[in-house]
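**Q** Please find one structure pasted underneath; my questions will follow.
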Amino acid sequence: MPEKLRFRISSALKDVIGRDLATDDFVAVFELVKNSSDAFSENIIIRFDLEKGSDGKIYIVDDGKGMSRNDLLEKWLFVGFSAKKNGTEDEIKRTYAGNKGVGRFSCDRLGSILKIQSKTEFDSTIHCLDINWEDFEVNSKDEFIEIDVNYSERESFSLPQGLPVNNSGVVLEISNLRNELSWNRDKLLRLKRSIEKLIDPVPYVETSKKIQIECKSEKDNDMTAVTKAQEKEGEAITVNGSIENTIFQILENKTTVLRAKITRKNKLQVELIDRGVFIYKTEENICDSYPQLIDSDLYAELLFLNTSAKVTFARRMGIPSVRYGSLFLIRNGFRVFPIGEEGNDYWGFDRRKQQGYARYLGSRELLGFAKVQGDEDKFREASSRNQGLIQTQAAIELSDCVKRCIIKFEAYVADIAWKDKLDNDNSVFERMGLDSNRLRIIQLIEKLSKSKNIEVLDFNHDLVSILSEKAKEFEPSLKNLKNIANSINDEKLIKQIALAEKALLKAKQAEYKAQKAADQEKKARKKAEDIAKTAAAKAKKAVKEKNKIEDAYKEEKKRNLFLTGSNSRDKDLLEGFMHQIVLYASLSKGHLQNVLKSSHRFEKMTGENLRELLEELLETTEKIVSTSRLAISANFRLDSSMITEDFNSFLYEYLEKVAAAYNSRIKIHPKLEDKKFELRFNPIEMGMVLENFISNSKTAGAPNITFTSTLKSNILKLVIEDDGKGLDKRIIEKERIFEKGFTRTSGSGLGLYFCKKRIENLGGELKLSELQPKRGISFTIRVVKQ
C-alpha cells in the first residue's frame, strides 16, 4: 500500500507570490487599488507621508464594504484562495478587476511592515492585522503557516490627520518602505500618470470611482507648478489631486476617432468621427467570426495622433504621447498591464507598420483602448503582473477584432487624411471639406455600401453630396454617389444626382459651344495668315505684275495686321493666350444668352441667382484681364489653362515683370527662395491671386508688399505681408474674411474668397499668418509639391 505524503510550504513563498509577481512599485499600487475597487469603493485615497525626519509611510484608504474578522481569517489569510473566483465574494454575480488571490502580497513590494484596519457597516469594532514581512525571510526552511501575524481590535480607526473616517472600508498602512528615497516628485508624477491609464476612460459605462493622491511634502512644488502654468496659459502638472483619465475626451474633438462596440444584437458597430465631425456608422455580423466575444460588452476607441493632437497631448500630460503608450486593454473596469505600454507590441501594430510605413498605423500614431467584461475562462490575466493576457480563444478573437477595427481606421486615416499633407497640422476639420478630400470620403462610403457583410447605417450627408460644379472632381464623384444612392436606396440623393447630371450636361454643352467658337476664330485667323503668306510668296515670284500684286498684298496685310505683327514677339506664344481670351469671352456670352433668351426666366431670377450670375461674369472678366497681361510679357506656351512649371520662377517673373508694370502706387518686394518647385497650375488664376493681394494692400494704403517663399519637405510656404492699415478691428472672427461676400469696405467681398478657392484647388491652403506685423497684415499660403 503506497505511503501518502504532503507538500510543505516554505516561508519563502511570500517572495514568490509577492515581490516577484509585482514587478515594480507601480504594479504593486495597481493591485491594491484594484482590490479597493472590487470592494465597491467609491473613494480611494493613496497618501504618501514622506516628510524629512520621519519614517516614510504609504496609506491606501477606501470606503468599500470592508472585511469582517471572518473575512480576514477565511479569505485574506487564506493564501491563493480567491472568493471572487469561486463566486462566494458577493451575493450577486459580477466580474472583478482581480481574482488571483495573491494581490494582497503586493504590499510587501512597497514596504516590509503592513498594518490593516478594516470594518464592515455591520461591525461595531475595527479589525486589525499587523504583519512584518521580514518574519518570513528569517529562514526559508520555516513553514509558511507557522509564521504568526498579530490580530487585534479597536473601537475606532487610527488615522493620521487629514484622512477621512469612513463607516466601512479598509485602511492599508505600509511602513519601513523598501525604496523610500526613490519616491521623489518625478516618480510620484509617473505614478499618477500610470494610475490615470489604469482607470476606465469611459465613466458612463462603469461605476465611476474617485481616486486621489495626497503628498503633503509636494504641495509647495504643486503651487509653483500652477503659478508657472498660469503665466504661460498652460496646464499645471501636479502630484496632489484627483486622478482622472480625461485625455481621450480632450483629444477626441481635435483628431480622428473610431468607436467600435458589440451591440446587444451581437453585431460589430463602427462609428468614425473626424475632429468632431461625424463621417459614417456601419454594422456587421460577428457571430461566426467572434463567438467568444458575444456578451463581452466589447467597446473600443481608437484615436489618430496627428501633429496637432501630439502637441495638445504633450501640453496636457507633460510627456510626449509615445512615452505614454498606445492601445490599452481594460478588463472588468481596470487596465491589463503592460498592454499598450511604450515598447509593448501586444497588438502587433509595429510589426505590421514595418511592412508598409505609409499604409499602416503604428503605436506612434495611435492612442486608445479596448475594454471587455468576462471571467477567467475567457480573459485570463497572467499571474506575473507584466505579461498581459494568457492566449485563450477569447483573447485571440479579441486581438483579431481589434485589428479589424484598425484596418477600418486606416482606410480613412491613411487613404484620405494622409493624402492631404497639409491637413496633418490641423486641429479643425476644414480641409476635409475640400472637394478633393470629399471625393475620397465619397469613394470610401461607396466601398462600404457595396460590401456584402457591412450595412451602412448613416453617413455625413453634407460631405457625401453633390460637389461644386466647378470642381474637377465633380464629374467622377457623380458615379460614386450614384452607386451609394442605389446601394442604400436613398431617393433624395438619387434626385439630386439626376439634377446634377443635367447641370453637367448643360455645362458641357456650353463649354463645347465656347470651345467651338474659339476654334473657329483660331481657324479663321490661321486661314487669313496663310492667305497673307501665299500673297507674299506670289509677290516675290511675280516680278512682271509687281505693282498689282503689291497692292493686293498691302490690302490683305491690313486685314491681318495684328496677326502678322505678332511675329515681332513670337506669334506662337500669343496664340495660346488669344485662344484662352476668346474661350472665356465665349463662356460669358453663353451665360448671358441663356438668361436673355427667356424673358420669363430673367424676370423670375432671385437676388441670389442674379448675384451668382454676376459673380461668374466678374470672375471671367478678371481672367480675361489676367490673360491679356500675361500675353504681353509671358514667355511660356499656353496650350490649355494649365501649365507645369517652376512655381517659384513664375512668382518671381510675374511680380517683377507683370505686377510691377501695372501697380505704380505700391512697391513690390519678391523675396523668393532660389529652389525649383515644379507644380501644375493655372497661371491665369495664380496671376489673379497675386493681383488681388496687391490690390487689397493698395486699398489699405500700404506703400510696400513683400512676398517671401521658403521650401521645406516638399512644401512651399509663401508669406504675403504689407504695411498698410491692417485688419479692421471690428472683425472679431478673423477667419471670416475668407467667407464669400464678407467685407468691411466698398468691395464685393469676393477677392479673398476666390483666392482661397484657387489655392485650395492646387491642394494648398490660405490662412492668416499666426504672427501678425505691428502694422499691416500677413497671409500664409502653403502648397504641397505634386
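In the C-alpha cells, the first chain shown is A, the next is B, and so on; residue numbers restart at 1 for each chain, and ligands run from 1 in the order shown.
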Excluding segment 222-238 of chain A and its own-chain neighbours fewer than 6 positions away, which residues fall within 9 Å of it when counting only C-alpha atoms? Please give them as a list in words.

**A** Leu189, Arg315, Arg316, Met317 and Gly318 of chain A

**Q** Using only C-alpha atoms, which protein or nucleic acid residues come within 6 Å of segment 423-429 of chain A? Drop anything in the same chain fewer than 3 positions from it, and give the result as a ChimeraX atom specification.

**A** /A:254,275,306-308,420,432

**Q** Using Å and a single decimal, report how far atom CA of Ser465 of chain A sits from atom CA of Ser477 of chain A.

**A** 8.9 Å

**Q** Under the rule that only C-alpha atoms are counted, which of A:Val270, A:Leu305, A:Leu493, A:Ile330 is the nearest residue to Glu455 of chain A?

**A** A:Val270

**Q** Between A:Tyr753, A:Phe278, A:Phe369, A:Phe379, which has the minimum distance to Leu293 of chain A (counting only C-alpha atoms)?

**A** A:Phe379

**Q** Using only C-alpha atoms, pick whichever of A:Asn648, A:Ser140, A:Asn132, A:Asn166 has the shortest atom-to-atom distance to Ile9 of chain A.

**A** A:Ser140

**Q** For segment 772-777 of chain A, find every residue with an atom within 6 Å (counting only C-alpha atoms), except residues of its own chain fewer than 5 positions away, and show them as a list in words.

**A**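 Selected residues are Glu721, Asp722, Asp723, Gly724, Lys725 and Gly726 of chain A.
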
**Q** Could you turn the residues from that selection into a file that holds N, CA and C atoms, as an mmCIF file, in the first residue's frame?

**A**
data_model
loop_
_atom_site.group_PDB
_atom_site.id
_atom_site.type_symbol
_atom_site.label_atom_id
_atom_site.label_comp_id
_atom_site.auth_asym_id
_atom_site.auth_seq_id
_atom_site.Cartn_x
_atom_site.Cartn_y
_atom_site.Cartn_z
ATOM 1 N N GLU A 721 2.991 89.878 -46.938
ATOM 2 C CA GLU A 721 2.852 90.840 -45.840
ATOM 3 C C GLU A 721 2.957 92.265 -46.358
ATOM 4 N N ASP A 722 2.052 93.132 -45.853
ATOM 5 C CA ASP A 722 2.135 94.545 -46.236
ATOM 6 C C ASP A 722 2.226 95.413 -44.983
ATOM 7 N N ASP A 723 2.388 96.719 -45.200
ATOM 8 C CA ASP A 723 2.491 97.675 -44.078
ATOM 9 C C ASP A 723 1.369 98.701 -44.160
ATOM 10 N N GLY A 724 0.182 98.225 -44.491
ATOM 11 C CA GLY A 724 -0.984 99.101 -44.562
ATOM 12 C C GLY A 724 -1.682 99.231 -43.223
ATOM 13 N N LYS A 725 -2.975 99.528 -43.275
ATOM 14 C CA LYS A 725 -3.708 99.765 -42.024
ATOM 15 C C LYS A 725 -4.125 98.479 -41.327
ATOM 16 N N GLY A 726 -3.921 97.341 -41.984
ATOM 17 C CA GLY A 726 -4.191 96.060 -41.332
ATOM 18 C C GLY A 726 -5.657 95.666 -41.319
#

**Q** Determine, counting only C-alpha atoms, which protein, DNA and RNA residues have an atom within 8 Å of an atom of Asp62 of chain A; residues of the same chain fewer than 6 positions away are not included. Present the result as a PyMOL selection string.

**A** chain A and resi 36+41-45+166+169-171

**Q** Distance atom CA of Ile720 of chain A-atom CA of Arg736 of chain A, one decimal place?

**A**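 So the answer is 18.3 Å.
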
**Q** From the list A:Ile294, A:Cys405, A:Ala260, A:Ile416, which residue is nearest Lys378 of chain A when using only C-alpha atoms?

**A**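 Closest residue, counting only C-alpha atoms: A:Ile294.
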
**Q** Determine the nearest neighbour of Lys209 of chain A from the options A:Gln292, A:Ser326, A:Ser37, A:Thr256, counting only C-alpha atoms.

**A**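 Counting only C-alpha atoms, the residue closest to Lys209 of chain A is A:Ser37.
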
**Q** Give the helix (DSSP H, G or I) residues of segment 184-257 of chain A, as assigned by DSSP on the backbone, as number ranges by chain.

**A** A: 185-198, 216-231, 247-251

**Q** Name all residues at most 6 Å from His127 of chain A (count only C-alpha atoms; drop same-chain ones fewer than 3 positions away) and give them as JSON, numbers by chain.

**A** {"A": [117, 118, 153]}

**Q** Just want the 10 Å neighbourhood of Ile113 of chain A, counted on only C-alpha atoms, with same-chain residues fewer than 4 positions away dropped. Output as a ChimeraX atom specification.

**A** /A:57,107-108,130-135,173-178

**Q** Between A:Asn332, A:Gln269, A:Ser363, A:Ser242, single out the one closest to Asp38 of chain A, counting only C-alpha atoms.

**A**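 When distances to Asp38 of chain A are compared using only C-alpha atoms, the smallest one comes from A:Asn332.
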
**Q** Give me, as a ChimeraX atom specification, all polymer residues having an atom no more than 6 Å from segment 244-246 of chain A, counting only C-alpha atoms and skipping those fewer than 2 positions away in the same chain.

**A** /A:196,201,248-249
